[in-house]
>>> print(open('entry_4.cif').read())   # mmCIF, C-alpha atoms, pLDDT in the B column; chains and numbers go by the auth columns
data_data
loop_
_atom_site.group_PDB
_atom_site.id
_atom_site.type_symbol
_atom_site.label_atom_id
_atom_site.label_comp_id
_atom_site.label_asym_id
_atom_site.label_seq_id
_atom_site.Cartn_x
_atom_site.Cartn_y
_atom_site.Cartn_z
_atom_site.B_iso_or_equiv
_atom_site.auth_seq_id
_atom_site.auth_asym_id
ATOM 1 C CA MET A 1 315.057 -155.492 -2.226 43.00 1 N
ATOM 2 C CA ASP A 2 318.361 -156.808 -0.933 53.00 2 N
ATOM 3 C CA LEU A 3 320.888 -156.596 -3.754 65.00 3 N
ATOM 4 C CA ILE A 4 322.868 -159.607 -2.483 64.00 4 N
ATOM 5 C CA GLU A 5 320.993 -162.879 -2.180 60.00 5 N
ATOM 6 C CA PRO A 6 321.899 -166.460 -1.253 59.00 6 N
ATOM 7 C CA THR A 7 322.430 -168.514 -4.377 56.00 7 N
ATOM 8 C CA PRO A 8 320.179 -171.549 -4.769 51.00 8 N
ATOM 9 C CA THR A 9 321.758 -174.817 -5.856 45.00 9 N
ATOM 10 C CA PHE A 10 323.081 -174.088 -9.302 46.00 10 N
ATOM 11 C CA SER A 11 322.244 -176.958 -11.631 41.00 11 N
ATOM 12 C CA ARG A 12 324.188 -176.003 -14.752 49.00 12 N
ATOM 13 C CA ARG A 13 327.425 -177.900 -15.241 44.00 13 N
ATOM 14 C CA ARG A 14 330.036 -177.551 -17.949 50.00 14 N
ATOM 15 C CA SER A 15 329.559 -180.050 -20.737 50.00 15 N
ATOM 16 C CA ALA A 16 332.444 -182.356 -21.551 50.00 16 N
ATOM 17 C CA ALA A 17 332.176 -181.153 -25.151 63.00 17 N
ATOM 18 C CA PRO A 18 334.163 -178.026 -26.062 78.00 18 N
ATOM 19 C CA VAL A 19 332.280 -174.752 -26.342 84.00 19 N
ATOM 20 C CA GLU A 20 331.741 -173.635 -29.941 90.00 20 N
ATOM 21 C CA ARG A 21 334.113 -170.847 -30.885 89.00 21 N
ATOM 22 C CA ASP A 22 331.301 -168.518 -31.931 90.00 22 N
ATOM 23 C CA ARG A 23 329.854 -168.722 -28.417 95.00 23 N
ATOM 24 C CA ILE A 24 333.043 -167.343 -26.848 95.00 24 N
ATOM 25 C CA ILE A 25 333.736 -163.628 -26.425 95.00 25 N
ATOM 26 C CA GLU A 26 337.161 -162.638 -25.099 93.00 26 N
ATOM 27 C CA SER A 27 338.657 -159.318 -24.083 89.00 27 N
ATOM 28 C CA PRO A 28 342.311 -159.741 -23.046 86.00 28 N
ATOM 29 C CA THR A 29 342.535 -156.027 -22.274 86.00 29 N
ATOM 30 C CA THR A 30 339.978 -156.297 -19.451 88.00 30 N
ATOM 31 C CA GLY A 31 340.679 -159.947 -18.540 92.00 31 N
ATOM 32 C CA GLU A 32 337.155 -161.100 -19.444 94.00 32 N
ATOM 33 C CA ARG A 33 336.126 -164.360 -21.102 96.00 33 N
ATOM 34 C CA ILE A 34 332.453 -164.992 -21.845 97.00 34 N
ATOM 35 C CA GLU A 35 330.912 -168.328 -22.810 97.00 35 N
ATOM 36 C CA LEU A 36 327.323 -167.962 -23.960 97.00 36 N
ATOM 37 C CA LEU A 37 324.780 -170.274 -22.366 97.00 37 N
ATOM 38 C CA TRP A 38 321.452 -169.013 -23.760 97.00 38 N
ATOM 39 C CA THR A 39 321.121 -166.209 -26.267 96.00 39 N
ATOM 40 C CA GLY A 40 318.224 -163.847 -26.831 97.00 40 N
ATOM 41 C CA THR A 41 317.433 -165.653 -30.076 95.00 41 N
ATOM 42 C CA GLU A 42 317.166 -168.973 -28.251 96.00 42 N
ATOM 43 C CA THR A 43 314.951 -167.605 -25.452 96.00 43 N
ATOM 44 C CA GLY A 44 312.617 -165.460 -27.527 97.00 44 N
ATOM 45 C CA GLY A 45 314.303 -162.319 -26.233 97.00 45 N
ATOM 46 C CA ARG A 46 313.506 -163.118 -22.599 97.00 46 N
ATOM 47 C CA LEU A 47 317.039 -163.819 -21.413 97.00 47 N
ATOM 48 C CA LEU A 48 320.733 -163.713 -22.208 98.00 48 N
ATOM 49 C CA SER A 49 322.876 -165.829 -19.913 98.00 49 N
ATOM 50 C CA PHE A 50 326.573 -166.550 -19.981 98.00 50 N
ATOM 51 C CA GLU A 51 329.475 -167.809 -17.933 97.00 51 N
ATOM 52 C CA LEU A 52 331.965 -165.064 -17.128 97.00 52 N
ATOM 53 C CA PHE A 53 335.588 -165.759 -16.238 97.00 53 N
ATOM 54 C CA LEU A 54 337.693 -162.877 -14.887 96.00 54 N
ATOM 55 C CA ALA A 55 341.469 -163.084 -14.656 95.00 55 N
ATOM 56 C CA PRO A 56 343.067 -161.677 -11.481 95.00 56 N
ATOM 57 C CA GLY A 57 342.641 -157.930 -11.775 93.00 57 N
ATOM 58 C CA GLY A 58 340.071 -158.389 -14.550 93.00 58 N
ATOM 59 C CA HIS A 59 337.237 -155.897 -14.551 91.00 59 N
ATOM 60 C CA VAL A 60 334.355 -154.426 -16.480 88.00 60 N
ATOM 61 C CA PRO A 61 335.716 -151.442 -18.467 82.00 61 N
ATOM 62 C CA GLY A 62 333.897 -148.822 -16.369 85.00 62 N
ATOM 63 C CA GLY A 63 330.856 -147.881 -14.345 92.00 63 N
ATOM 64 C CA HIS A 64 327.659 -148.129 -16.377 95.00 64 N
ATOM 65 C CA ALA A 65 323.928 -148.770 -16.183 96.00 65 N
ATOM 66 C CA HIS A 66 321.454 -150.853 -18.173 97.00 66 N
ATOM 67 C CA PRO A 67 318.360 -148.628 -18.586 97.00 67 N
ATOM 68 C CA GLU A 68 315.862 -151.414 -19.338 97.00 68 N
ATOM 69 C CA GLN A 69 317.491 -154.608 -18.041 98.00 69 N
ATOM 70 C CA GLU A 70 318.010 -156.401 -14.751 98.00 70 N
ATOM 71 C CA GLU A 71 321.366 -158.133 -14.375 98.00 71 N
ATOM 72 C CA ARG A 72 322.082 -160.992 -11.963 98.00 72 N
ATOM 73 C CA PHE A 73 325.587 -162.194 -11.105 97.00 73 N
ATOM 74 C CA THR A 74 325.804 -165.668 -9.556 97.00 74 N
ATOM 75 C CA MET A 75 329.197 -166.294 -7.964 97.00 75 N
ATOM 76 C CA LEU A 76 330.577 -169.797 -8.456 97.00 76 N
ATOM 77 C CA GLU A 77 334.284 -169.324 -7.694 97.00 77 N
ATOM 78 C CA GLY A 78 336.576 -166.530 -6.542 96.00 78 N
ATOM 79 C CA LEU A 79 336.077 -163.047 -5.090 96.00 79 N
ATOM 80 C CA VAL A 80 334.585 -160.091 -6.934 97.00 80 N
ATOM 81 C CA LYS A 81 334.201 -156.549 -5.661 97.00 81 N
ATOM 82 C CA PHE A 82 330.938 -154.974 -6.790 97.00 82 N
ATOM 83 C CA ARG A 83 329.783 -151.407 -6.667 96.00 83 N
ATOM 84 C CA VAL A 84 326.004 -151.209 -7.135 96.00 84 N
ATOM 85 C CA GLY A 85 324.773 -147.651 -6.848 94.00 85 N
ATOM 86 C CA THR A 86 326.605 -146.346 -3.791 93.00 86 N
ATOM 87 C CA ARG A 87 327.082 -149.753 -2.154 95.00 87 N
ATOM 88 C CA PHE A 88 330.363 -151.686 -2.191 96.00 88 N
ATOM 89 C CA SER A 89 330.532 -155.421 -1.516 96.00 89 N
ATOM 90 C CA VAL A 90 333.121 -158.167 -1.885 96.00 90 N
ATOM 91 C CA VAL A 91 331.195 -161.274 -2.893 96.00 91 N
ATOM 92 C CA GLY A 92 332.291 -164.903 -2.929 96.00 92 N
ATOM 93 C CA ALA A 93 330.855 -168.221 -4.048 95.00 93 N
ATOM 94 C CA GLY A 94 327.312 -168.964 -2.995 94.00 94 N
ATOM 95 C CA ARG A 95 325.947 -165.417 -3.393 96.00 95 N
ATOM 96 C CA THR A 96 324.009 -163.638 -6.122 97.00 96 N
ATOM 97 C CA VAL A 97 324.190 -159.903 -6.822 97.00 97 N
ATOM 98 C CA VAL A 98 321.098 -158.311 -8.377 97.00 98 N
ATOM 99 C CA VAL A 99 321.408 -155.049 -10.303 97.00 99 N
ATOM 100 C CA PRO A 100 318.027 -153.401 -11.004 97.00 100 N
ATOM 101 C CA PRO A 101 317.440 -151.564 -14.290 97.00 101 N
ATOM 102 C CA GLY A 102 318.994 -148.111 -14.432 96.00 102 N
ATOM 103 C CA THR A 103 321.407 -148.733 -11.537 96.00 103 N
ATOM 104 C CA THR A 104 325.046 -147.745 -12.017 96.00 104 N
ATOM 105 C CA HIS A 105 327.414 -150.605 -11.269 97.00 105 N
ATOM 106 C CA ARG A 106 330.891 -151.968 -11.864 96.00 106 N
ATOM 107 C CA PHE A 107 332.886 -154.995 -10.716 96.00 107 N
ATOM 108 C CA ALA A 108 336.398 -156.436 -10.629 96.00 108 N
ATOM 109 C CA ASN A 109 338.208 -159.595 -9.572 96.00 109 N
ATOM 110 C CA VAL A 110 340.034 -158.735 -6.345 95.00 110 N
ATOM 111 C CA GLY A 111 341.330 -162.255 -5.674 93.00 111 N
ATOM 112 C CA ARG A 112 344.549 -163.967 -6.653 93.00 112 N
ATOM 113 C CA ARG A 113 342.809 -166.574 -8.805 94.00 113 N
ATOM 114 C CA PRO A 114 340.429 -166.378 -11.754 95.00 114 N
ATOM 115 C CA THR A 115 336.782 -165.942 -10.860 97.00 115 N
ATOM 116 C CA HIS A 116 333.819 -167.775 -12.347 98.00 116 N
ATOM 117 C CA LEU A 117 330.328 -166.309 -12.466 97.00 117 N
ATOM 118 C CA VAL A 118 327.072 -166.872 -14.307 98.00 118 N
ATOM 119 C CA VAL A 119 325.416 -163.679 -15.526 98.00 119 N
ATOM 120 C CA GLU A 120 321.737 -163.429 -16.457 98.00 120 N
ATOM 121 C CA VAL A 121 320.333 -160.399 -18.274 98.00 121 N
ATOM 122 C CA HIS A 122 316.546 -159.876 -18.461 98.00 122 N
ATOM 123 C CA PRO A 123 315.405 -159.099 -21.157 98.00 123 N
ATOM 124 C CA ALA A 124 318.157 -159.887 -23.645 98.00 124 N
ATOM 125 C CA LEU A 125 317.622 -156.962 -26.055 97.00 125 N
ATOM 126 C CA GLY A 126 320.904 -156.471 -27.977 96.00 126 N
ATOM 127 C CA MET A 127 323.244 -157.323 -25.113 97.00 127 N
ATOM 128 C CA GLU A 128 325.058 -160.111 -26.967 96.00 128 N
ATOM 129 C CA GLU A 129 325.909 -157.736 -29.818 94.00 129 N
ATOM 130 C CA LEU A 130 326.984 -155.116 -27.271 95.00 130 N
ATOM 131 C CA LEU A 131 329.386 -157.576 -25.618 95.00 131 N
ATOM 132 C CA ARG A 132 330.861 -158.621 -28.945 94.00 132 N
ATOM 133 C CA THR A 133 331.306 -155.022 -30.060 92.00 133 N
ATOM 134 C CA ALA A 134 332.892 -153.994 -26.755 91.00 134 N
ATOM 135 C CA ALA A 135 335.419 -156.834 -27.066 90.00 135 N
ATOM 136 C CA VAL A 136 336.376 -155.685 -30.575 88.00 136 N
ATOM 137 C CA LEU A 137 336.725 -152.049 -29.526 86.00 137 N
ATOM 138 C CA SER A 138 338.842 -152.924 -26.489 83.00 138 N
ATOM 139 C CA SER A 139 341.256 -154.954 -28.621 79.00 139 N
ATOM 140 C CA ARG A 140 342.209 -152.036 -30.879 73.00 140 N
ATOM 141 C CA PRO A 141 345.903 -151.083 -30.988 66.00 141 N
ATOM 142 C CA ALA A 142 347.103 -148.202 -28.863 58.00 142 N
ATOM 143 C CA SER A 143 347.556 -146.137 -32.027 54.00 143 N
ATOM 144 C CA ALA A 144 343.754 -145.976 -32.349 62.00 144 N
ATOM 145 C CA TRP A 145 343.282 -143.978 -29.151 61.00 145 N
ATOM 146 C CA LEU A 146 342.415 -140.794 -31.076 62.00 146 N
ATOM 147 C CA ARG A 147 339.405 -142.611 -32.545 76.00 147 N
ATOM 148 C CA ALA A 148 338.256 -143.980 -29.206 85.00 148 N
ATOM 149 C CA PRO A 149 335.972 -141.061 -28.163 89.00 149 N
ATOM 150 C CA LEU A 150 334.213 -141.077 -31.548 91.00 150 N
ATOM 151 C CA ASP A 151 333.740 -144.848 -31.483 91.00 151 N
ATOM 152 C CA LEU A 152 332.459 -144.627 -27.905 91.00 152 N
ATOM 153 C CA VAL A 153 329.807 -142.082 -28.906 94.00 153 N
ATOM 154 C CA LEU A 154 328.659 -144.312 -31.767 95.00 154 N
ATOM 155 C CA PHE A 155 328.729 -147.367 -29.499 94.00 155 N
ATOM 156 C CA LEU A 156 326.570 -145.690 -26.845 95.00 156 N
ATOM 157 C CA GLY A 157 324.227 -144.406 -29.523 95.00 157 N
ATOM 158 C CA GLU A 158 323.782 -147.834 -31.087 95.00 158 N
ATOM 159 C CA PHE A 159 323.116 -149.548 -27.751 96.00 159 N
ATOM 160 C CA GLU A 160 321.184 -146.850 -25.897 97.00 160 N
ATOM 161 C CA ARG A 161 318.582 -149.365 -24.663 97.00 161 N
ATOM 162 C CA GLU A 162 321.265 -151.652 -23.240 97.00 162 N
ATOM 163 C CA LEU A 163 323.817 -149.157 -21.935 96.00 163 N
ATOM 164 C CA GLY A 164 323.479 -145.818 -20.188 95.00 164 N
ATOM 165 C CA LEU A 165 325.775 -143.182 -18.786 93.00 165 N
ATOM 166 C CA PRO A 166 326.531 -143.718 -15.088 93.00 166 N
ATOM 167 C CA TYR A 167 324.642 -141.739 -12.452 92.00 167 N
ATOM 168 C CA LEU A 168 322.469 -139.854 -14.963 92.00 168 N
ATOM 169 C CA PRO A 169 318.740 -140.429 -15.425 94.00 169 N
ATOM 170 C CA THR A 170 318.091 -142.329 -18.662 94.00 170 N
ATOM 171 C CA TRP A 171 316.283 -139.408 -20.293 95.00 171 N
ATOM 172 C CA LEU A 172 319.155 -137.035 -19.532 96.00 172 N
ATOM 173 C CA GLY A 173 321.828 -139.424 -20.764 94.00 173 N
ATOM 174 C CA ARG A 174 319.981 -139.878 -24.048 96.00 174 N
ATOM 175 C CA ALA A 175 319.433 -136.128 -24.369 96.00 175 N
ATOM 176 C CA VAL A 176 323.195 -135.667 -24.126 94.00 176 N
ATOM 177 C CA LEU A 177 324.233 -138.549 -26.382 95.00 177 N
ATOM 178 C CA ARG A 178 321.771 -138.283 -29.265 96.00 178 N
ATOM 179 C CA PRO A 179 323.027 -134.899 -30.546 97.00 179 N
ATOM 180 C CA LEU A 180 326.637 -136.098 -30.191 95.00 180 N
ATOM 181 C CA THR A 181 325.852 -139.265 -32.135 96.00 181 N
ATOM 182 C CA TRP A 182 324.234 -137.207 -34.887 96.00 182 N
ATOM 183 C CA LEU A 183 327.286 -134.948 -35.114 95.00 183 N
ATOM 184 C CA VAL A 184 329.716 -137.884 -35.346 94.00 184 N
ATOM 185 C CA ARG A 185 327.635 -139.496 -38.092 93.00 185 N
ATOM 186 C CA ALA A 186 327.190 -136.210 -39.949 93.00 186 N
ATOM 187 C CA GLY A 187 330.954 -135.697 -39.827 91.00 187 N
ATOM 188 C CA GLY A 188 331.486 -138.931 -41.752 89.00 188 N
ATOM 189 C CA TRP A 189 333.265 -140.718 -38.915 88.00 189 N
ATOM 190 C CA GLU A 190 330.953 -143.740 -38.771 89.00 190 N
ATOM 191 C CA ALA A 191 332.473 -145.834 -41.570 87.00 191 N
ATOM 192 C CA ARG A 192 335.372 -147.201 -39.533 83.00 192 N
ATOM 193 C CA TYR A 193 333.114 -148.084 -36.614 87.00 193 N
ATOM 194 C CA ARG A 194 330.832 -149.952 -39.013 86.00 194 N
ATOM 195 C CA SER A 195 333.825 -151.776 -40.471 83.00 195 N
ATOM 196 C CA LEU A 196 334.644 -153.037 -36.971 77.00 196 N
ATOM 197 C CA ARG A 197 331.039 -154.149 -36.502 73.00 197 N
ATOM 198 C CA ALA A 198 330.732 -155.874 -39.891 66.00 198 N
ATOM 199 C CA PRO A 199 332.415 -159.208 -38.979 67.00 199 N
ATOM 200 C CA LEU A 200 330.048 -159.562 -36.023 64.00 200 N
ATOM 201 C CA THR A 201 327.029 -159.854 -38.321 57.00 201 N
ATOM 202 C CA ALA A 202 328.492 -163.049 -39.773 49.00 202 N
ATOM 203 C CA VAL A 203 328.423 -164.936 -36.454 51.00 203 N
ATOM 204 C CA ARG A 204 326.434 -168.147 -36.884 46.00 204 N
ATOM 205 C CA ARG A 205 324.353 -169.711 -34.144 47.00 205 N
ATOM 206 C CA PRO A 206 324.532 -173.450 -33.387 44.00 206 N
ATOM 207 C CA ALA A 207 321.264 -175.293 -33.470 42.00 207 N
ATOM 208 C CA ARG A 208 319.229 -175.771 -30.314 42.00 208 N
ATOM 209 C CA GLY A 209 320.242 -178.742 -28.223 41.00 209 N
ATOM 210 C CA THR A 210 323.916 -178.756 -29.210 41.00 210 N
ATOM 211 C CA ALA A 211 326.472 -180.091 -26.769 38.00 211 N
ATOM 212 C CA CYS A 212 327.217 -176.702 -25.231 43.00 212 N
ATOM 213 C CA ARG A 213 323.770 -176.401 -23.633 48.00 213 N
ATOM 214 C CA ARG A 214 323.775 -176.167 -19.824 55.00 214 N
ATOM 215 C CA GLY A 215 320.422 -177.556 -18.783 58.00 215 N
ATOM 216 C CA PRO A 216 316.932 -176.150 -19.388 59.00 216 N
ATOM 217 C CA VAL A 217 316.291 -172.495 -20.122 64.00 217 N
ATOM 218 C CA PRO A 218 316.113 -170.695 -16.730 63.00 218 N
#
>>> encode(input="entry_4.cif", output="structure tokens")
Amino acid sequence: MDLIEPTPTFSRRRSAAPVERDRIIESPTTGERIELLWTGTETGGRLLSFELFLAPGGHVPGGHAHPEQEERFTMLEGLVKFRVGTRFSVVGAGRTVVVPPGTTHRFANVGRRPTHLVVEVHPALGMEELLRTAAVLSSRPASAWLRAPLDLVLFLGEFERELGLPYLPTWLGRAVLRPLTWLVRAGGWEARYRSLRAPLTAVRRPARGTACRRGPVP
């Protein structure tokens, strides 16, 4: 399958109404802003879709894979450099990049202006919670860098279905991470990570059909 496809006419348009605050996920550190379109809860777990805005130089934190999910990036504005497996491509508006499950990938805005994409993740699993958690972890002060490796182990352990180590088979990545996760938890280092996660459980969902909807469920 070709990983870069022509994009069909994209029917979703931004509503004139403002997007609810609890549907926005921002990470100033990486230059990412996410506006949720359809959540897993709203699609019965079939799909998570969101608009992604990347500031110039904005990027995903690192190469990664999604063991059980396909990810599709529809370019609406700007230029983004993708690495999918061993392939590099600079993609502009009118193209869609498809990342099969288990494929290592990363991307960054290489243009001088913000980029605008729509991302679709099939199935949704816990990807929304992963994105929210990643934004919280990336916003920690520099003084927390000593905790970062421990939090990363716990993060990868919590979201092992959604996120895998790059370039390793899923079974091998899990074989490496599960003992490490157990050790971090057994050492009593999980409480702070859970305290970071706690506010995320209080996020409320707007009812179906609110003004932020962008057309029918894909």
>>> atom_distance(input="entry_4.cif", atom1="atom CA of N:Gly44", atom2="atom CA of N:Pro67")
19.9 Å
>>> closest_residue(input="entry_4.cif", among="N:Arg21, N:His105, N:Arg95, N:Arg87", to="N:Leu163", atoms="all atoms listed in the file")
N:His105
>>> closest_residue(input="entry_4.cif", among="N:Met75, N:Val91, N:Ala108, N:Val19", to="N:Pro61", atoms="all atoms listed in the file")
N:Ala108
>>> resolve_selection(input="entry_4.cif", expression="the PyMOL selection byres ((chain N and resi 129-143) around 9)", output="short mmCIF file (atom, residue, chain, number, x, y, z; two decimals) with C-alpha atoms, in the coordinates of the input")
data_model
loop_
_atom_site.label_atom_id
_atom_site.label_comp_id
_atom_site.auth_asym_id
_atom_site.auth_seq_id
_atom_site.Cartn_x
_atom_site.Cartn_y
_atom_site.Cartn_z
CA ILE N 25 333.74 -163.63 -26.42
CA GLU N 26 337.16 -162.64 -25.10
CA SER N 27 338.66 -159.32 -24.08
CA PRO N 28 342.31 -159.74 -23.05
CA THR N 29 342.54 -156.03 -22.27
CA THR N 30 339.98 -156.30 -19.45
CA GLU N 32 337.16 -161.10 -19.44
CA ILE N 34 332.45 -164.99 -21.84
CA PRO N 61 335.72 -151.44 -18.47
CA GLY N 126 320.90 -156.47 -27.98
CA MET N 127 323.24 -157.32 -25.11
CA GLU N 128 325.06 -160.11 -26.97
CA ALA N 144 343.75 -145.98 -32.35
CA TRP N 145 343.28 -143.98 -29.15
CA LEU N 146 342.42 -140.79 -31.08
CA ARG N 147 339.40 -142.61 -32.54
CA ALA N 148 338.26 -143.98 -29.21
CA ASP N 151 333.74 -144.85 -31.48
CA LEU N 152 332.46 -144.63 -27.90
CA PHE N 155 328.73 -147.37 -29.50
CA GLU N 158 323.78 -147.83 -31.09
CA PHE N 159 323.12 -149.55 -27.75
CA GLU N 162 321.26 -151.65 -23.24
CA LEU N 163 323.82 -149.16 -21.94
CA TYR N 193 333.11 -148.08 -36.61
CA LEU N 196 334.64 -153.04 -36.97
CA ARG N 197 331.04 -154.15 -36.50
CA LEU N 200 330.05 -159.56 -36.02
CA THR N 201 327.03 -159.85 -38.32
#
>>> closest_residue(input="entry_4.cif", among="N:Leu156, N:Ile24, N:Ala93, N:Leu79", to="N:Phe50", atoms="all atoms listed in the file")
N:Ile24
>>> atom_distance(input="entry_4.cif", atom1="atom CA of N:Phe82", atom2="atom CA of N:Val60")
10.3 Å
>>> closest_residue(input="entry_4.cif", among="N:Leu76, N:Val97, N:Val84, N:Ala124", to="N:Leu47", atoms="only C-alpha atoms")
N:Ala124
>>> resolve_selection(input="entry_4.cif", expression="the PyMOL selection byres ((chain N and resi 48) around 12)", output="ChimeraX atom specification")
/N:34-47,49-51,69-72,118-131,217-218
>>> write_last_selection(input="entry_4.cif", atoms="C-alpha atoms", output="CSV table (one decimal), in the frame of the given file")
chain,number,residue,atom,x,y,z
N,34,ILE,CA,332.5,-165.0,-21.8
N,35,GLU,CA,330.9,-168.3,-22.8
N,36,LEU,CA,327.3,-168.0,-24.0
N,37,LEU,CA,324.8,-170.3,-22.4
N,38,TRP,CA,321.5,-169.0,-23.8
N,39,THR,CA,321.1,-166.2,-26.3
N,40,GLY,CA,318.2,-163.8,-26.8
N,41,THR,CA,317.4,-165.7,-30.1
N,42,GLU,CA,317.2,-169.0,-28.3
N,43,THR,CA,315.0,-167.6,-25.5
N,44,GLY,CA,312.6,-165.5,-27.5
N,45,GLY,CA,314.3,-162.3,-26.2
N,46,ARG,CA,313.5,-163.1,-22.6
N,47,LEU,CA,317.0,-163.8,-21.4
N,49,SER,CA,322.9,-165.8,-19.9
N,50,PHE,CA,326.6,-166.6,-20.0
N,51,GLU,CA,329.5,-167.8,-17.9
N,69,GLN,CA,317.5,-154.6,-18.0
N,70,GLU,CA,318.0,-156.4,-14.8
N,71,GLU,CA,321.4,-158.1,-14.4
N,72,ARG,CA,322.1,-161.0,-12.0
N,118,VAL,CA,327.1,-166.9,-14.3
N,119,VAL,CA,325.4,-163.7,-15.5
N,120,GLU,CA,321.7,-163.4,-16.5
N,121,VAL,CA,320.3,-160.4,-18.3
N,122,HIS,CA,316.5,-159.9,-18.5
N,123,PRO,CA,315.4,-159.1,-21.2
N,124,ALA,CA,318.2,-159.9,-23.6
N,125,LEU,CA,317.6,-157.0,-26.1
N,126,GLY,CA,320.9,-156.5,-28.0
N,127,MET,CA,323.2,-157.3,-25.1
N,128,GLU,CA,325.1,-160.1,-27.0
N,129,GLU,CA,325.9,-157.7,-29.8
N,130,LEU,CA,327.0,-155.1,-27.3
N,131,LEU,CA,329.4,-157.6,-25.6
N,217,VAL,CA,316.3,-172.5,-20.1
N,218,PRO,CA,316.1,-170.7,-16.7
>>> atom_distance(input="entry_4.cif", atom1="atom CA of N:Val153", atom2="atom CA of N:Phe107")
22.5 Å
>>> axis_aligned_box(input="entry_4.cif", around="stretch 160-171 of chain N", padding_each_side="6 Å", output="JSON")
{"center_x": 321.4, "center_y": -145.5, "center_z": -19.2, "size_x": 22.2, "size_y": 24.2, "size_z": 25.4}
>>> closest_residue(input="entry_4.cif", among="N:Pro101, N:Pro56, N:Gly157, N:Pro114", to="N:Leu180", atoms="all atoms listed in the file")
N:Gly157
>>> closest_residue(input="entry_4.cif", among="N:Arg194, N:Arg185, N:His59, N:His64", to="N:Val80", atoms="all atoms listed in the file")
N:His59
>>> closest_atom_pairs(input="entry_4.cif", of="stretch 45-119 of chain N", to="stretch 166-170 of chain N", cutoff="12 Å", atoms="all atoms listed in the file", output="Markdown table")
| residue | atom | partner | partner_atom | distance |
| --- | --- | --- | --- | --- |
| N:Gly62 | CA | N:Pro166 | CA | 9.1 |
| N:Gly63 | CA | N:Pro166 | CA | 6.0 |
| N:His64 | CA | N:Pro166 | CA | 4.7 |
| N:Ala65 | CA | N:Pro166 | CA | 5.8 |
| N:His66 | CA | N:Thr170 | CA | 9.2 |
| N:Pro67 | CA | N:Thr170 | CA | 6.3 |
| N:Glu68 | CA | N:Thr170 | CA | 9.4 |
| N:Arg83 | CA | N:Pro166 | CA | 11.9 |
| N:Val84 | CA | N:Pro166 | CA | 10.9 |
| N:Gly85 | CA | N:Tyr167 | CA | 8.1 |
| N:Thr86 | CA | N:Tyr167 | CA | 10.0 |
| N:Pro101 | CA | N:Thr170 | CA | 10.2 |
| N:Gly102 | CA | N:Thr170 | CA | 7.2 |
| N:Thr103 | CA | N:Tyr167 | CA | 7.8 |
| N:Thr104 | CA | N:Pro166 | CA | 5.3 |
| N:His105 | CA | N:Pro166 | CA | 7.9 |
| N:Arg106 | CA | N:Pro166 | CA | 9.9 |
>>> write_last_selection(input="entry_4.cif", atoms="C-alpha atoms", output="compact mmCIF listing (two decimals), in the coordinates of the input")
# COMPACT_ATOMS: atom_id res chain seq x y z
CA GLY N 62 333.90 -148.82 -16.37
CA GLY N 63 330.86 -147.88 -14.34
CA HIS N 64 327.66 -148.13 -16.38
CA ALA N 65 323.93 -148.77 -16.18
CA HIS N 66 321.45 -150.85 -18.17
CA PRO N 67 318.36 -148.63 -18.59
CA GLU N 68 315.86 -151.41 -19.34
CA ARG N 83 329.78 -151.41 -6.67
CA VAL N 84 326.00 -151.21 -7.14
CA GLY N 85 324.77 -147.65 -6.85
CA THR N 86 326.60 -146.35 -3.79
CA PRO N 101 317.44 -151.56 -14.29
CA GLY N 102 318.99 -148.11 -14.43
CA THR N 103 321.41 -148.73 -11.54
CA THR N 104 325.05 -147.74 -12.02
CA HIS N 105 327.41 -150.60 -11.27
CA ARG N 106 330.89 -151.97 -11.86
>>> build_atoms(input="entry_4.cif", residues="stretch 25-35 of chain N", atoms="N, CA and C atoms", output="compact mmCIF listing (two decimals), keeping the file's coordinate frame")
# COMPACT_ATOMS: atom_id res chain seq x y z
N ILE N 25 333.37 -165.03 -26.24
CA ILE N 25 333.74 -163.63 -26.42
C ILE N 25 334.87 -163.34 -25.45
N GLU N 26 336.01 -162.88 -25.96
CA GLU N 26 337.16 -162.64 -25.10
C GLU N 26 337.65 -161.21 -25.23
N SER N 27 338.07 -160.65 -24.11
CA SER N 27 338.66 -159.32 -24.08
C SER N 27 339.92 -159.37 -23.22
N PRO N 28 341.07 -159.67 -23.83
CA PRO N 28 342.31 -159.74 -23.05
C PRO N 28 342.64 -158.44 -22.32
N THR N 29 342.23 -157.32 -22.89
CA THR N 29 342.54 -156.03 -22.27
C THR N 29 341.92 -155.91 -20.89
N THR N 30 340.67 -156.40 -20.73
CA THR N 30 339.98 -156.30 -19.45
C THR N 30 340.00 -157.60 -18.67
N GLY N 31 340.59 -158.67 -19.24
CA GLY N 31 340.68 -159.95 -18.54
C GLY N 31 339.38 -160.70 -18.49
N GLU N 32 338.47 -160.45 -19.44
CA GLU N 32 337.16 -161.10 -19.44
C GLU N 32 337.09 -162.20 -20.51
N ARG N 33 336.46 -163.30 -20.15
CA ARG N 33 336.13 -164.36 -21.10
C ARG N 33 334.67 -164.74 -20.86
N ILE N 34 333.88 -164.70 -21.92
CA ILE N 34 332.45 -164.99 -21.84
C ILE N 34 332.16 -166.24 -22.66
N GLU N 35 331.40 -167.16 -22.09
CA GLU N 35 330.91 -168.33 -22.81
C GLU N 35 329.39 -168.31 -22.75
